[in-house]
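Asker: Take a look at this one; I'll ask things after.
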Amino acid sequence: MASIKATGLVKRYGTVKAVHGIDFEIADGEFVAILGPSGCGKSSTMRMIAGLETVSEGTIEIDGKVVNDVRARDRNVAMSFESYALYPTISIYENIAFPLRSAGMNADEIDRRVRDIAEKMELVPLLGLKPQGLSSGQAQRVGLARALVRKPSVFLLDEPISHLDTRQRYRMRRFIKQLHQQYHYTMIYVTHDQEEALALADRVMVMSNGLIQQMAPPDEIYARPVNAFVAGFVGEPPINFFDCRLARDGGRWTLAFEGQTLTLPERLSDKAAQLGSEALAAVRPHFLSIGANGPLVLEGKVFVTEELQDQNLVMVDVGKVRFTLVAHPSVRPRRGEVVPLTIDADHLLLFPQDNSRRIDDDLAA
Ligand code: ADP
Ligand code: MG
């Protein structure tokens, strides 16, 4: 197992700058997900760790040693891609054994390792088959087994299950989590799926535009996003944003929008003082409720209630701002009904009003 450290890491492809100078540390045995939209530099970061791309600037250390000039195969890093490309003419057993045979390992040890990993990944009944008959989920497991059979000290997965259907994705997700719990690999898992990242990782590194926006445990990413980009990228249904005006009223700060005024909780006073008169406020659909359930109560008009089996999604308009909230299935307000709408005071977030836009502008540049 191994720790990883990146310092001032930059990746350029000719004139394209894919990674803009990032710093991070990953502890021995930690499971980190790199999360971000397509093109934000996730794979480039991963491939530099694996040694499959050169580092343009900065350093990568594995276990305290700079590996910029160490060849991929000498890093003891295994990488599994979405395209797992099994060898079609040889058995599953031989596919898994392949990297060990290439390394010149003796046959007994190879047999022991292949059977061990096959058992852990529920592949024993498939060992004698050729790849063509496998489902994509099975083929993916074989691909992972082939990467893991070398017992790498770092295991990198780049969108390994994004092409599978929902049910297989859940299954594979459990497998991957279980593998980490069994072997305590240092794992880095690239995905654009926020739910997957939050479900799997010890810490999530959110990237956008070649930069790390936030690196923190899932709870913190969800409840305390550092900026509007992270707040908006993480969470389903998406977080509700609304522009507001901040003002000082005696000892307390107030937030006004669409003709309604709320007194901000103490927790946000310093933030409000920094932001000045305009801000972007945000609250997740899970932290809004219908009824007067705390100090932050607005008045809204129900637009629609979407009844799902385990929860209802209610859309409530406050002036021109439409909020989505997640409610118990028994909460079914009618369209047009005027309702009190409470924001959970612990989960109201404030950002600079230009925050999300600044990131969009950078992307275009
Ligand atoms: P992600 O994995 O987050 O989708 P990538 O790291 O693959 O992002 O790509 C980041 C940026 O670098 C993108 O703009 C992409 O087009 C560019 N890029 C990636 N690989 C290459 C390459 N081999 N040559 C030129 N540009 C590349
Ligand atoms: Mg990628």
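Every chain in the structure tokens has a letter given in the order shown (A, B, ...), and although residue numbers restart at 1 in each chain, ligands are simply numbered from 1 in the order shown.
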Identify all residues of range 223-354 of chain A in strand (DSSP E or B) (DSSP on the backbone) and supply them as a VMD selection string.
Answerer: chain A and resid 240 to 249 252 to 257 260 to 263 278 to 283 288 to 290 297 to 307 312 to 318 321 to 327 338 to 343 349 to 351
Asker: I'd like a table as a Markdown table: residues in chain A with an atom no more than 7 Å from ligand 1, each row giving the shortest atom pair and its distance in Å to one decimal, only C-alpha atoms and all ligand atoms counted, sorted by chain and rising residue number.
Answerer:
| residue | atom | partner | partner_atom_place_in_ligand_line | distance |
| --- | --- | --- | --- | --- |
| A:Tyr13 | CA | ligand 1 | 25 (C) | 4.8 |
| A:Val16 | CA | ligand 1 | 26 (N) | 6.0 |
| A:Lys17 | CA | ligand 1 | 12 (O) | 6.6 |
| A:Ala18 | CA | ligand 1 | 12 (O) | 4.1 |
| A:Gly36 | CA | ligand 1 | 3 (O) | 6.3 |
| A:Pro37 | CA | ligand 1 | 3 (O) | 6.1 |
| A:Ser38 | CA | ligand 1 | 4 (O) | 3.7 |
| A:Gly39 | CA | ligand 1 | 4 (O) | 3.4 |
| A:Cys40 | CA | ligand 1 | 3 (O) | 4.0 |
| A:Gly41 | CA | ligand 1 | 6 (O) | 3.3 |
| A:Lys42 | CA | ligand 1 | 3 (O) | 3.7 |
| A:Ser43 | CA | ligand 1 | 2 (O) | 3.6 |
| A:Ser44 | CA | ligand 1 | 6 (O) | 3.6 |
| A:Thr45 | CA | ligand 1 | 6 (O) | 6.4 |
Asker: Can you pull out every residue within 9 Å of range 295-310 of chain A, counting only C-alpha atoms, but drop anything in the same chain fewer than 5 positions away, and send it as a PyMOL selection string?
Answerer: chain A and resi 260-265+315-319+322+328-329+331-345
Asker: Run DSSP on the backbone and tell me which residues of range 137-264 of chain A come out as alpha helix (DSSP H); list them as a count of residues only.
Answerer: 49
Asker: May I have the residues within 9 Å of Leu350 in chain A as a list in words, using only C-alpha atoms and disregarding those fewer than 6 positions away in the same chain?
Answerer: Asn227, Ala228, Leu268, Lys271, Ala272, Leu275, Ala279, Leu280, Ala281 and Ala282 of chain A
Asker: Take the residues just selected and output them with N, CA and C atoms as a short mmCIF file (atom, residue, chain, number, x, y, z; two decimals), in the first residue's frame.
Answerer:
data_model
loop_
_atom_site.label_atom_id
_atom_site.label_comp_id
_atom_site.auth_asym_id
_atom_site.auth_seq_id
_atom_site.Cartn_x
_atom_site.Cartn_y
_atom_site.Cartn_z
N ASN A 227 -18.07 26.29 -2.50
CA ASN A 227 -18.53 27.30 -3.45
C ASN A 227 -19.78 26.82 -4.19
N ALA A 228 -20.33 27.68 -5.01
CA ALA A 228 -21.58 27.36 -5.68
C ALA A 228 -21.41 26.23 -6.69
N LEU A 268 -24.35 32.58 10.20
CA LEU A 268 -24.06 33.19 8.90
C LEU A 268 -23.73 34.68 8.96
N LYS A 271 -20.29 35.62 7.53
CA LYS A 271 -20.32 35.39 6.09
C LYS A 271 -21.06 36.56 5.42
N ALA A 272 -22.20 36.96 6.01
CA ALA A 272 -23.00 38.04 5.45
C ALA A 272 -22.20 39.34 5.45
N LEU A 275 -19.85 39.29 2.58
CA LEU A 275 -20.46 39.31 1.25
C LEU A 275 -21.02 40.67 0.89
N ALA A 279 -25.96 38.43 -2.45
CA ALA A 279 -25.42 37.08 -2.28
C ALA A 279 -26.25 36.08 -3.06
N LEU A 280 -25.65 34.91 -3.23
CA LEU A 280 -26.35 33.77 -3.80
C LEU A 280 -26.63 32.83 -2.64
N ALA A 281 -27.91 32.62 -2.36
CA ALA A 281 -28.27 31.71 -1.26
C ALA A 281 -28.60 30.35 -1.85
N ALA A 282 -28.48 29.31 -1.04
CA ALA A 282 -28.76 27.97 -1.53
C ALA A 282 -29.26 27.09 -0.39
#
Asker: Between A:Pro160, A:Gly137, A:Gly29, A:Pro125, which one has atoms that come closest to ligand 2, using only C-alpha atoms and all ligand atoms?
Answerer: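 Using only C-alpha atoms and all ligand atoms, the shortest distance to ligand 2 belongs to A:Pro160.
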Asker: Considering only C-alpha atoms, return as a list in words whatever protein or nucleic-acid residues lie within 10 Å of Pro99 in chain A, sequence-local ones (same chain, fewer than 4 positions apart) excluded.
Answerer: Glu94, Asn95, Ala103, Gly104, Met105, Ile110, Arg146, Ala147, Leu148, Val149 and Arg150 of chain A
Asker: Those selected residues, please, written with N, CA, C and O atoms and delivered as a short mmCIF file (atom, residue, chain, number, x, y, z; two decimals), in the first residue's frame.
Answerer:
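What ended up in out17.cif:
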data_model
loop_
_atom_site.label_atom_id
_atom_site.label_comp_id
_atom_site.auth_asym_id
_atom_site.auth_seq_id
_atom_site.Cartn_x
_atom_site.Cartn_y
_atom_site.Cartn_z
N GLU A 94 -7.07 -17.61 -17.89
CA GLU A 94 -5.82 -17.11 -18.51
C GLU A 94 -5.82 -15.59 -18.63
O GLU A 94 -4.76 -14.96 -18.54
N ASN A 95 -6.99 -15.01 -18.84
CA ASN A 95 -7.06 -13.54 -18.87
C ASN A 95 -6.60 -12.95 -17.54
O ASN A 95 -5.83 -12.00 -17.51
N ALA A 103 4.88 -11.34 -15.87
CA ALA A 103 5.90 -10.97 -14.89
C ALA A 103 6.79 -12.15 -14.53
O ALA A 103 7.70 -12.02 -13.70
N GLY A 104 6.50 -13.32 -15.12
CA GLY A 104 7.35 -14.48 -14.91
C GLY A 104 7.16 -15.19 -13.57
O GLY A 104 8.04 -15.88 -13.06
N MET A 105 5.97 -15.07 -12.99
CA MET A 105 5.69 -15.71 -11.70
C MET A 105 5.54 -17.22 -11.88
O MET A 105 5.13 -17.68 -12.95
N ILE A 110 0.75 -18.38 -9.32
CA ILE A 110 -0.26 -17.84 -10.24
C ILE A 110 -1.61 -18.49 -9.95
O ILE A 110 -2.62 -17.81 -9.79
N ARG A 146 -8.28 -8.92 -13.17
CA ARG A 146 -6.98 -8.94 -13.86
C ARG A 146 -6.08 -7.81 -13.35
O ARG A 146 -4.87 -7.97 -13.23
N ALA A 147 -6.70 -6.66 -13.06
CA ALA A 147 -5.89 -5.54 -12.54
C ALA A 147 -5.45 -5.81 -11.10
O ALA A 147 -4.35 -5.45 -10.69
N LEU A 148 -6.33 -6.48 -10.33
CA LEU A 148 -6.06 -6.65 -8.90
C LEU A 148 -5.15 -7.83 -8.57
O LEU A 148 -4.54 -7.87 -7.51
N VAL A 149 -5.07 -8.78 -9.50
CA VAL A 149 -4.34 -10.01 -9.21
C VAL A 149 -2.84 -9.73 -8.97
O VAL A 149 -2.16 -10.48 -8.29
N ARG A 150 -2.37 -8.61 -9.46
CA ARG A 150 -0.97 -8.23 -9.24
C ARG A 150 -0.72 -7.72 -7.82
O ARG A 150 0.40 -7.43 -7.46
#
Asker: Nearest to Ala199 in chain A: which of A:Asp354, A:Gln274, A:Phe31, A:Glu109 is it, counting only C-alpha atoms?
Answerer: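 So, comparing all the options, the nearest one is A:Phe31.
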Asker: Skipping near chain neighbours, those fewer than 3 positions away, what residues fall within 9 Å of Leu157 in chain A using only C-alpha atoms, listed as a PDB file with C-alpha atoms, in the first residue's frame?
Answerer:
ATOM      1  CA  MET A  46      -5.138   9.831 -12.834  1.00  0.00           C
ATOM      2  CA  ALA A  78      -2.803  -0.867 -11.283  1.00  0.00           C
ATOM      3  CA  MET A  79      -5.305   0.925 -13.407  1.00  0.00           C
ATOM      4  CA  SER A  80      -8.650  -0.267 -14.680  1.00  0.00           C
ATOM      5  CA  PHE A  81     -10.491   1.606 -17.413  1.00  0.00           C
ATOM      6  CA  GLU A  82     -14.012   1.559 -18.643  1.00  0.00           C
ATOM      7  CA  LEU A 144     -10.992  -5.676 -12.357  1.00  0.00           C
ATOM      8  CA  PRO A 160     -15.028   1.704 -14.409  1.00  0.00           C
ATOM      9  CA  MET A 187      -7.792   3.621  -4.244  1.00  0.00           C
ATOM     10  CA  ILE A 188      -8.549   6.484  -6.565  1.00  0.00           C
ATOM     11  CA  TYR A 189     -11.831   6.307  -8.362  1.00  0.00           C
ATOM     12  CA  VAL A 190     -12.677   8.697 -11.186  1.00  0.00           C
ATOM     13  CA  THR A 191     -16.326   9.401 -11.875  1.00  0.00           C
TER      14      THR A 191
END
Asker: Would you kindly return, as a PyMOL selection string, each protein, DNA or RNA residue with an atom no farther than 10 Å from any atom of Ala231 in chain A, considering only C-alpha atoms and excluding same-chain residues fewer than 5 positions away?
Answerer: chain A and resi 221-226+238-241+282-284+349+351+356
Asker: Kindly indicate which residue among A:His192, A:Lys5, A:His20, A:Arg75 lies nearest to ligand 2, using only C-alpha atoms and all ligand atoms for the distances.
Answerer: A:His192
Asker: Figure out the distance between CA of Tyr185 in chain A and CA of Ser136 in chain A, please, to one decimal in Å.
Answerer: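 Straight-line distance from CA of Ser136 in chain A to CA of Tyr185 in chain A works out to 24.5 Å.
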Asker: From the list A:Ser269, A:Arg115, A:Gly8, A:Thr186, which residue is nearest Ile92 in chain A when using only C-alpha atoms?
Answerer: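 When distances to Ile92 in chain A are compared using only C-alpha atoms, the smallest one comes from A:Arg115.
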Asker: One number please: CA of Asp28 in chain A to CA of Ala2 in chain A, in Å, one decimal.
Answerer: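 Separation of CA of Asp28 in chain A and CA of Ala2 in chain A: 4.8 Å.
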Asker: For a quick check of understanding, using only C-alpha atoms and all ligand atoms, which of A:Arg113, A:Tyr170, A:Asp193, A:Pro152 has the smallest distance to ligand 2?
Answerer: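 Distance minimum relative to ligand 2 lands on A:Asp193.
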Asker: Using only C-alpha atoms, find the one residue out of A:Ala216, A:Ala247, A:His286, A:Phe98 that sits nearest to Gly143 in chain A.
Answerer: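 Closest residue, counting only C-alpha atoms: A:Phe98.
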